[in-house]
Amino acid sequence: MLVMGEVHTGLLQNSGEVAASTCRRLLGLLAGQTVRVSRRPIVHAVSPDRLTGVDCRLPSASQSRVRGVGTVLTRCSITGGRVVQGSSYVRIVRAAVDRRLPWSHYLARPGVMEVLGKAKPRDLSDGFTDDLPGDRLSGASAGRTRPDPARPDPARGDRGPGWSGSAPLDLGAISGRFVDLVQSSPLLDRRAPFKIPRTRLRWVAESASESGAPAIRFTLHNDQLRTLRLVHDGEFTPAVAELCEDLALHDWLLTTLLVIVERALTGGAPGPEAVAKLTPAVDHLLHLWMPAARVDETLTPLWESLERYPGFTRQWQSLVDRIRDQISVNMLTLLIRKGGW
Amino acid sequence: MLVFAISDKGGTGRSVTSTNIAYRHALQGNDACYLDFDFGSPTAGAIFSVSSVARGTRAGGLHEYLRGELTEPQRIDVWAESDREGLRVKPPGAGRLVLLPGSEGGGELSTVDDEMANRCVQLFSRLEEEFDLCVVDVSAGRSFTAEMILQATVRLPAVPFRWLVYHRWTRQHIIAADGLVNGADGLLDVGARFGHDPEVLRERIRFVRTAVLESEAAELVGLRDEQRAWLSAYDGELRELAGRHGVGRTAMLGKVPLDPILQWREQLISDEDVLATKIANAETAAAFEDLAKKIMDDSAWEGL
C-alpha cells in the first residue's frame with residue numbers, strides 16, 4: 001500500500017571524527033550481528049536492522065481509527081565518523097484477516113505492518129505527513145505514543161476486539177531512541193565541536209503503479225522538521241529508504257551549515273571572531289557533502305529533481321564559498337595589519 | 001552545560017534570576033533553554049510572558065514526559081511566542097531561547113523510580129546536544145526532583161553540570177543555604193549516596209545572593225543615619241556568618257541587587273526596561289549579564 005519512515009540526523013557527540021573501527025563498535029552495541037562499513041566515497045557504517053513490535057493506531061488525516069500490527073525496522077548509521085542517523089520505516093499492507101494474529105506471523109514479516117479493517121492509503125499518508133503536532137516548534141511534543149517494547153511483546157498478543165489503543169504510530173520516537181543509544185556510548189567523549197539540534201525527516205513512499213508518475217516533494221516545516229513524499233517506479237525496496245536517509249543527511253548538513261553561518265555572520269561585523277565560529281564547519285562538515293553517493297541508480301532521477309529545485313548543492317556551494325571567502329579576507333586583513341604584505 | 005537552580009527557602013528570586021540568566025545567555029549569542037522543574041508551581045511561562053503556559057502547560061509538560069506519558073515534552077520558542085512585544089523579535093546575533101514548561105496542576109513528584117531517572121537522563125542528554133546552556137529550575141528545598149537530578153547526573157559522567165544555590169542576604173537564608181548543601185540529606189549527602197564524589201560535587205556548587213542592598217544603593221538614600229549605621233554593622237555580621245557557613249565570597253558566583261521592579265513583578269529585565277522606560281536598574285541587568293557569562297566561565301569555577 002505505502003511505506004512510512006522517519007529519519008533522525010544529528011552530530012555524533014565526540015570532539016573529533018570517529019575512526020571506522022570505533023563506528024563498528026558504536027553500532028555493534030545494537031545487536032550481535034555485523035556492522036556493514038563501506039569506505040568509498042566516504043566512510044559509512046550501518047548497524048544491523050532491528051525490529052520493534054507495534055500494535056497501535058495509524059495516523060489518519062480523517063481521524064479514522066485505523067489499527068495496525070506488525071514490526072518497525074530500524075537501523076543506525078554513522079557517516080564520515082561524524083554524523084549519526086537513526087532511520088525507521090514500516091511497509092503498510094492490508095491484513096488478510098481482520099483480527100490480530102499470533103506474533104510469529106508478524107515476526108516472519110520484518111518491517112511490515114498489517115492494517116486491520118479499512119484504510120485508504122491517501123488518508124494514511126496525509127495523516128502521517130500533515131498531522132504534525134510538533135509543528136508548533138522544533139518538532140517537539142511529537143505525540144503521545146510509545147510503541148514501547150524494544151522487541152515484540154507476545155504478552156500483548158491476546159488483546160481482543162476491545163482494543164482501544166489511542167496512541168498513534170510514532171516512528172520518530174523509535175529512531176530517536178536508537179540515536180540516543182549511540183550518543184550515550186562511553187566510547188564518545190561528548191565534547192562535540194558545536195551544539196546543533198537533530199533534524200527529523202518524515203517520509204512516505206508509494207509505488208508509481210498505484211499513484212501515478214514518479215515524483216518527489218520535500219517540505220520544510222520548521223527548523224527541525226521536514227517531510228518528504230515520493231512516488232517511485234516498481235516495488236518498494238530498501239534502496240528507497242536509503243535515498244531518504246541520504247536526503248536527510250544532506251538536509252542536516254545544509255541546515256547545520258546555515259546555522260553556523262548565521263551564528264557567525266549576523267549581529268556583528270565580520271572579523272576574527274566570526275572566523276573562529278566558522279572554523280568548526282571547515283574542520284568537521286565541508287568534506288562530508290556527497291549527494292547521492294549511495295543512492296540506487298533507478299532512484300537518482302528523484303535526487304536530481306531535488307537538485308534542480310530547491311537545489312541542495314547550489315545552496316551548499318554558495319555557503320561554502322562564503323565561508324572560504326570570509327576566512328581568506330580575514331587572513332588578508334591580518335597579514336596587512338602585521339605589515340607582512 | 002546543565003545548570004540546576006535551587007534554593008532552600010521560597011521567595012529567593014530563584015526562578016526570576018534563572019530565567020534572566022537564560023535570557024542574557026541567549027542575547028550573548030548562545031542557544032539556551034529553560035526547564036521548569038518547579039513542579040509544584042510551574043510559573044516560568046509567566047516570567048517569559050508566554051501567557052498560554054503561565055501556570056504550566058495543559059498537555060505536553062515535563063511532568064507527563066517524566067511519567068512516561070509522552071515521548072518528548074513540549075517546547076516553546078520564547079522569541080516567537082512571548083506576549084511581550086520587546087521579546088517577540090529575536091535580536092540579531094542572539095541564540096535560541098526555548099522554554100520547556102511544567103504541567104499545569106502537576107504537583108511535586110511524590111517518588112522517583114528508575115524509569116523516571118532514565119527519562120531524565122535521556123532528556124538532559126538530548127538537550128545538551130543542542131543547547132549551550134540548559135537551566136533547570138528545581139523547586140525549593142529538599143525534594144524528589146533534586147534527588148532525581150542527582151541520580152541522572154551520575155549516569156551522564158561526560159556531561160558538564162553545575163548547581164546554583166540561591167539565597168537572600170539574611171541570617172535565616174544563609175543558614176538554610178548552607179544546610180541545603182552541607183546538611184543532612186543535603187545535596188552533597190544525597191549526591192554521595194547516588195555515587196557522586198562529594199568533593200567534586202562541591203566544586204560544582206556556587207551560591208548566588210539575591211535582593212542584595214549595597215551600602216551605596218539608591219534605596220538607602222532616604223534612610224536615617226542610625227539606620228544606615230545599623231545596616232552596615234549587620235552586613236558585617238552576616239558576612240562573618242556566611243564565611244563560617246561556607247556561603248562566603250569564595251563560594252559565591254555573583255549577587256543580584258534588590259530591584260523594586262522584581263519585587264512587584266517577576267519578569268525578564270530587557271535593555272529596554274533599563275534604557276528606554278527606565279523601570280529597571282542598570283545594575284540589575286548588569287548582574288544578570290555577569291552571571292550569564294560566569295556560569296560558563298571555568299575560571300570563575302576554579303577550586304577554592
# chains A, B, ... in the order shown; residues from 1 in each chain; ligands from 1
$ residues_around --residues "Val93 of chain A" --least-positions-apart "5" --cutoff "7 Å" --atoms "only C-alpha atoms" --output "list of chain:residue names"
A:Met1, A:Met113, A:Glu114, A:Val115
$ write_last_selection --atoms "all heavy atoms" --output "mmCIF file, in the first residue's frame"
data_model
loop_
_atom_site.group_PDB
_atom_site.id
_atom_site.type_symbol
_atom_site.label_atom_id
_atom_site.label_comp_id
_atom_site.auth_asym_id
_atom_site.auth_seq_id
_atom_site.Cartn_x
_atom_site.Cartn_y
_atom_site.Cartn_z
ATOM 1 N N MET A 1 0.833 -1.190 0.000
ATOM 2 C CA MET A 1 0.000 0.000 0.000
ATOM 3 C C MET A 1 0.884 1.263 0.000
ATOM 4 O O MET A 1 0.847 2.050 -0.917
ATOM 5 C CB MET A 1 -0.882 -0.018 1.237
ATOM 6 C CG MET A 1 -2.193 0.634 1.027
ATOM 7 S SD MET A 1 -3.554 -0.070 1.974
ATOM 8 C CE MET A 1 -3.150 0.185 3.661
ATOM 9 N N MET A 113 3.701 -3.799 8.524
ATOM 10 C CA MET A 113 2.616 -3.566 9.466
ATOM 11 C C MET A 113 1.318 -3.860 8.732
ATOM 12 O O MET A 113 1.090 -3.342 7.643
ATOM 13 C CB MET A 113 2.662 -2.106 9.906
ATOM 14 C CG MET A 113 1.917 -1.822 11.162
ATOM 15 S SD MET A 113 2.362 -0.173 11.714
ATOM 16 C CE MET A 113 1.308 -0.034 13.135
ATOM 17 N N GLU A 114 0.493 -4.694 9.311
ATOM 18 C CA GLU A 114 -0.752 -5.058 8.646
ATOM 19 C C GLU A 114 -1.894 -4.228 9.213
ATOM 20 O O GLU A 114 -2.051 -4.096 10.423
ATOM 21 C CB GLU A 114 -1.022 -6.552 8.841
ATOM 22 C CG GLU A 114 0.078 -7.398 8.215
ATOM 23 C CD GLU A 114 -0.254 -8.878 8.189
ATOM 24 O OE1 GLU A 114 -1.254 -9.289 8.828
ATOM 25 O OE2 GLU A 114 0.488 -9.633 7.534
ATOM 26 N N VAL A 115 -2.685 -3.681 8.295
ATOM 27 C CA VAL A 115 -3.806 -2.850 8.706
ATOM 28 C C VAL A 115 -5.030 -3.729 8.891
ATOM 29 O O VAL A 115 -5.414 -4.466 7.987
ATOM 30 C CB VAL A 115 -4.106 -1.785 7.636
ATOM 31 C CG1 VAL A 115 -5.317 -0.978 8.031
ATOM 32 C CG2 VAL A 115 -2.904 -0.901 7.441
#
$ interface_residues --of "chain B" --to "chain A" --cutoff "7 Å" --atoms "only C-alpha atoms" --output "JSON, numbers by chain"
{"B": [60, 69, 70, 71, 72, 73, 74, 75, 76, 77, 92, 93, 129, 130, 131, 132, 158, 159]}
$ select_by_dssp --residues "segment 8-211 of chain A" --states "helix (DSSP H, G or I)" --output "ChimeraX atom specification"
/A:20-28,103-107,121-130,133-136,154-158,171-183,208-211
$ closest_residue --among "A:Gln326, A:Ser185, A:Thr219, A:Thr74" --to "Pro238 of chain A" --atoms "only C-alpha atoms"
A:Thr74
$ select_by_dssp --residues "segment 24-256 of chain A" --states "strand (DSSP E or B)" --output "VMD selection string"
chain A and resid 36 to 38 44 to 46 50 to 58 66 to 79 83 to 94 112 to 116 168 199 to 207 215 to 220 225 to 232
$ residues_around --residues "segment 176-187 of chain B" --least-positions-apart "4" --cutoff "12 Å" --atoms "only C-alpha atoms" --output "ChimeraX atom specification"
/B:4,6-10,12,140-151,163-172,191-194,196-199,201-209,241-248,251-252
$ atom_distance --atom1 "atom CA of Gly212 of chain A" --atom2 "atom CA of Leu302 of chain A"
14.4 Å
$ closest_residue --among "A:Met331, A:Leu171, A:Cys244, A:Ala281" --to "Asp296 of chain A" --atoms "only C-alpha atoms"
A:Cys244
$ atom_distance --atom1 "atom CA of Phe124 of chain B" --atom2 "atom CA of Ser51 of chain B"
25.6 Å
$ atom_distance --atom1 "atom CA of Ser49 of chain B" --atom2 "atom CA of Gln267 of chain B"
7.6 Å
$ residues_around --residues "segment 95-101 of chain B" --least-positions-apart "6" --cutoff "8 Å" --atoms "only C-alpha atoms" --output "CSV table (one decimal) with N, CA, C and O atoms, in the first residue's frame"
chain,number,residue,atom,x,y,z
A,263,ARG,N,25.1,32.1,12.9
A,263,ARG,CA,25.7,32.5,14.2
A,263,ARG,C,26.9,33.3,14.0
A,263,ARG,O,27.2,34.2,14.8
B,22,ALA,N,19.2,32.7,31.6
B,22,ALA,CA,19.0,32.1,30.3
B,22,ALA,C,18.8,33.1,29.2
B,22,ALA,O,19.3,33.0,28.1
B,23,TYR,N,18.0,34.1,29.5
B,23,TYR,CA,17.7,35.2,28.5
B,23,TYR,C,19.0,35.9,28.2
B,23,TYR,O,19.3,36.1,27.0
B,26,ALA,N,21.2,33.8,26.0
B,26,ALA,CA,20.8,33.8,24.6
B,26,ALA,C,21.2,35.1,23.9
B,26,ALA,O,21.6,35.1,22.7
B,27,LEU,N,21.0,36.2,24.6
B,27,LEU,CA,21.4,37.5,24.0
B,27,LEU,C,22.9,37.6,23.7
B,27,LEU,O,23.3,38.2,22.7
B,28,GLN,N,23.6,36.9,24.5
B,28,GLN,CA,25.1,36.8,24.2
B,28,GLN,C,25.5,35.9,23.0
B,28,GLN,O,26.6,35.7,22.8
B,29,GLY,N,24.5,35.4,22.4
B,29,GLY,CA,24.7,34.7,21.1
B,29,GLY,C,24.8,33.2,21.3
B,29,GLY,O,25.2,32.4,20.4
B,30,ASN,N,24.3,32.7,22.4
B,30,ASN,CA,24.3,31.2,22.7
B,30,ASN,C,22.9,30.7,22.6
B,30,ASN,O,21.9,31.4,22.9
B,31,ASP,N,22.8,29.4,22.4
B,31,ASP,CA,21.5,28.7,22.4
B,31,ASP,C,21.2,28.3,23.9
B,31,ASP,O,22.0,27.6,24.5
B,32,ALA,N,20.1,28.8,24.4
B,32,ALA,CA,19.7,28.5,25.8
B,32,ALA,C,18.3,27.9,25.9
B,32,ALA,O,17.4,28.3,25.2
B,33,CYS,N,18.2,27.0,26.9
B,33,CYS,CA,16.8,26.5,27.1
B,33,CYS,C,16.6,26.5,28.6
B,33,CYS,O,17.5,26.5,29.4
B,34,TYR,N,15.3,26.5,29.0
B,34,TYR,CA,15.0,26.7,30.4
B,34,TYR,C,13.9,25.6,30.7
B,34,TYR,O,12.9,25.5,30.0
B,35,LEU,N,14.2,24.7,31.7
B,35,LEU,CA,13.3,23.6,32.0
B,35,LEU,C,12.7,24.0,33.3
B,35,LEU,O,13.4,24.1,34.3
B,36,ASP,N,11.4,24.0,33.3
B,36,ASP,CA,10.7,24.3,34.6
B,36,ASP,C,10.4,23.0,35.4
B,36,ASP,O,9.4,22.3,35.2
B,42,PRO,N,4.7,25.6,38.5
B,42,PRO,CA,5.5,25.8,37.3
B,42,PRO,C,5.0,27.1,36.6
B,42,PRO,O,4.2,27.2,35.7
B,44,ALA,N,7.2,29.5,35.2
B,44,ALA,CA,8.2,30.1,34.3
B,44,ALA,C,7.6,30.8,33.1
B,44,ALA,O,8.1,31.8,32.6
B,45,GLY,N,6.5,30.2,32.6
B,45,GLY,CA,5.8,30.8,31.4
B,45,GLY,C,5.4,32.2,31.7
B,45,GLY,O,5.5,33.1,30.8
B,53,VAL,N,1.1,29.4,28.8
B,53,VAL,CA,1.6,28.4,29.7
B,53,VAL,C,2.0,29.1,31.0
B,53,VAL,O,2.9,28.7,31.7
B,56,GLY,N,2.0,26.7,33.7
B,56,GLY,CA,2.3,25.4,33.2
B,56,GLY,C,1.5,25.1,32.0
B,56,GLY,O,0.5,25.8,31.7
B,57,THR,N,1.8,24.0,31.3
B,57,THR,CA,1.1,23.7,30.1
B,57,THR,C,0.0,22.6,30.4
B,57,THR,O,0.2,21.8,31.3
B,61,GLY,N,3.6,18.7,29.1
B,61,GLY,CA,4.6,19.3,30.1
B,61,GLY,C,5.6,18.3,30.5
B,61,GLY,O,5.5,17.1,30.3
B,62,LEU,N,6.6,18.8,31.3
B,62,LEU,CA,7.7,17.9,31.7
B,62,LEU,C,7.2,16.8,32.7
B,62,LEU,O,7.8,15.7,32.7
B,73,PRO,N,8.8,16.3,25.6
B,73,PRO,CA,8.0,17.3,26.2
B,73,PRO,C,7.8,18.5,25.2
B,73,PRO,O,8.6,18.7,24.2
B,74,GLN,N,6.8,19.3,25.4
B,74,GLN,CA,6.6,20.5,24.6
B,74,GLN,C,7.7,21.5,24.7
B,74,GLN,O,8.3,21.6,25.8
B,75,ARG,N,8.0,22.2,23.6
B,75,ARG,CA,9.0,23.2,23.7
B,75,ARG,C,8.3,24.5,23.2
B,75,ARG,O,7.5,24.5,22.3
B,76,ILE,N,8.7,25.6,23.8
B,76,ILE,CA,8.2,26.9,23.4
B,76,ILE,C,9.3,27.8,23.0
B,76,ILE,O,10.2,28.0,23.8
B,77,ASP,N,9.3,28.3,21.8
B,77,ASP,CA,10.2,29.3,21.3
B,77,ASP,C,9.8,30.6,21.9
B,77,ASP,O,8.9,31.2,21.5
B,78,VAL,N,10.6,31.1,22.9
B,78,VAL,CA,10.2,32.4,23.5
B,78,VAL,C,10.2,33.5,22.6
B,78,VAL,O,9.3,34.4,22.6
B,79,TRP,N,11.2,33.6,21.7
B,79,TRP,CA,11.3,34.7,20.7
B,79,TRP,C,10.0,34.7,19.8
B,79,TRP,O,9.6,35.8,19.3
$ residues_around --residues "Glu235 of chain A" --least-positions-apart "2" --cutoff "10 Å" --atoms "only C-alpha atoms" --output "VMD selection string"
chain A and resid 206 to 209 232 to 233 237 240
$ residues_around --residues "segment 14-24 of chain A" --least-positions-apart "3" --cutoff "8 Å" --atoms "only C-alpha atoms" --output "list in words"
Leu27, Gly28, Val35, Arg36, Val37, Val43, Ala45, Ile78, Gly80, Gly81, Arg82, Leu187, Leu188, Asp189, Arg190, Arg191, Ala192, Pro193 and His284 of chain A
$ write_last_selection --atoms "N, CA, C and O atoms" --output "JSON list (two decimals), in the first residue's frame"
[["chain", "number", "residue", "atom", "x", "y", "z"],
["A", 27, "LEU", "N", 28.05, 0.98, 16.65],
["A", 27, "LEU", "CA", 26.81, 0.45, 16.07],
["A", 27, "LEU", "C", 26.61, -1.01, 16.42],
["A", 27, "LEU", "O", 25.49, -1.52, 16.39],
["A", 28, "GLY", "N", 27.70, -1.67, 16.78],
["A", 28, "GLY", "CA", 27.61, -3.08, 17.18],
["A", 28, "GLY", "C", 26.87, -3.23, 18.49],
["A", 28, "GLY", "O", 26.37, -4.30, 18.82],
["A", 35, "VAL", "N", 28.34, -5.11, 11.64],
["A", 35, "VAL", "CA", 28.07, -3.76, 11.16],
["A", 35, "VAL", "C", 28.69, -3.67, 9.76],
["A", 35, "VAL", "O", 29.82, -4.08, 9.55],
["A", 36, "ARG", "N", 27.91, -3.17, 8.81],
["A", 36, "ARG", "CA", 28.46, -3.01, 7.45],
["A", 36, "ARG", "C", 29.20, -1.68, 7.37],
["A", 36, "ARG", "O", 28.66, -0.64, 7.75],
["A", 37, "VAL", "N", 30.43, -1.72, 6.86],
["A", 37, "VAL", "CA", 31.18, -0.48, 6.70],
["A", 37, "VAL", "C", 31.61, -0.36, 5.25],
["A", 37, "VAL", "O", 32.23, -1.28, 4.71],
["A", 43, "VAL", "N", 33.44, 7.17, 4.46],
["A", 43, "VAL", "CA", 33.23, 6.07, 5.41],
["A", 43, "VAL", "C", 31.78, 6.11, 5.91],
["A", 43, "VAL", "O", 31.30, 7.13, 6.39],
["A", 45, "ALA", "N", 29.04, 3.62, 8.02],
["A", 45, "ALA", "CA", 28.82, 2.38, 8.77],
["A", 45, "ALA", "C", 27.34, 2.25, 9.08],
["A", 45, "ALA", "O", 26.69, 3.22, 9.47],
["A", 78, "ILE", "N", 26.47, 5.80, 10.75],
["A", 78, "ILE", "CA", 27.39, 6.91, 11.02],
["A", 78, "ILE", "C", 28.12, 7.21, 9.72],
["A", 78, "ILE", "O", 28.67, 6.31, 9.09],
["A", 80, "GLY", "N", 31.03, 9.40, 7.73],
["A", 80, "GLY", "CA", 32.24, 10.21, 7.89],
["A", 80, "GLY", "C", 32.71, 10.28, 9.33],
["A", 80, "GLY", "O", 33.42, 11.20, 9.69],
["A", 81, "GLY", "N", 32.31, 9.33, 10.15],
["A", 81, "GLY", "CA", 32.70, 9.32, 11.55],
["A", 81, "GLY", "C", 32.19, 10.54, 12.30],
["A", 81, "GLY", "O", 32.70, 10.89, 13.37],
["A", 82, "ARG", "N", 31.15, 11.19, 11.77],
["A", 82, "ARG", "CA", 30.74, 12.48, 12.31],
["A", 82, "ARG", "C", 29.24, 12.66, 12.48],
["A", 82, "ARG", "O", 28.78, 13.33, 13.38],
["A", 187, "LEU", "N", 32.21, 5.26, 24.48],
["A", 187, "LEU", "CA", 33.30, 5.44, 23.51],
["A", 187, "LEU", "C", 33.37, 6.88, 22.99],
["A", 187, "LEU", "O", 34.34, 7.27, 22.36],
["A", 188, "LEU", "N", 32.32, 7.64, 23.26],
["A", 188, "LEU", "CA", 32.30, 9.02, 22.79],
["A", 188, "LEU", "C", 32.62, 9.95, 23.95],
["A", 188, "LEU", "O", 32.20, 9.71, 25.08],
["A", 189, "ASP", "N", 33.37, 11.03, 23.67],
["A", 189, "ASP", "CA", 33.75, 11.92, 24.78],
["A", 189, "ASP", "C", 32.74, 13.02, 25.06],
["A", 189, "ASP", "O", 32.87, 13.78, 26.00],
["A", 190, "ARG", "N", 31.72, 13.13, 24.22],
["A", 190, "ARG", "CA", 30.63, 14.09, 24.39],
["A", 190, "ARG", "C", 31.09, 15.54, 24.32],
["A", 190, "ARG", "O", 30.37, 16.44, 24.73],
["A", 191, "ARG", "N", 32.30, 15.78, 23.80],
["A", 191, "ARG", "CA", 32.72, 17.18, 23.67],
["A", 191, "ARG", "C", 32.63, 17.59, 22.20],
["A", 191, "ARG", "O", 33.63, 17.82, 21.53],
["A", 192, "ALA", "N", 31.41, 17.65, 21.71],
["A", 192, "ALA", "CA", 31.21, 17.97, 20.30],
["A", 192, "ALA", "C", 31.69, 19.39, 20.01],
["A", 192, "ALA", "O", 31.63, 20.25, 20.88],
["A", 193, "PRO", "N", 32.17, 19.63, 18.80],
["A", 193, "PRO", "CA", 32.75, 20.95, 18.49],
["A", 193, "PRO", "C", 31.72, 22.08, 18.47],
["A", 193, "PRO", "O", 32.07, 23.24, 18.59],
["A", 284, "HIS", "N", 34.87, 20.07, 10.37],
["A", 284, "HIS", "CA", 34.04, 18.88, 10.58],
["A", 284, "HIS", "C", 32.98, 18.62, 9.53],
["A", 284, "HIS", "O", 32.41, 17.54, 9.50]]
$ closest_residue --among "A:Ile336, A:Val231, A:Gly117, A:Gly86" --to "Arg65 of chain A" --atoms "only C-alpha atoms"
A:Gly117
$ residues_around --residues "Met296 of chain B" --least-positions-apart "3" --cutoff "12 Å" --atoms "only C-alpha atoms" --output "ChimeraX atom specification"
/B:1-3,21-22,25,28,30,32,132-135,160-163,204,253,289-293,299-302
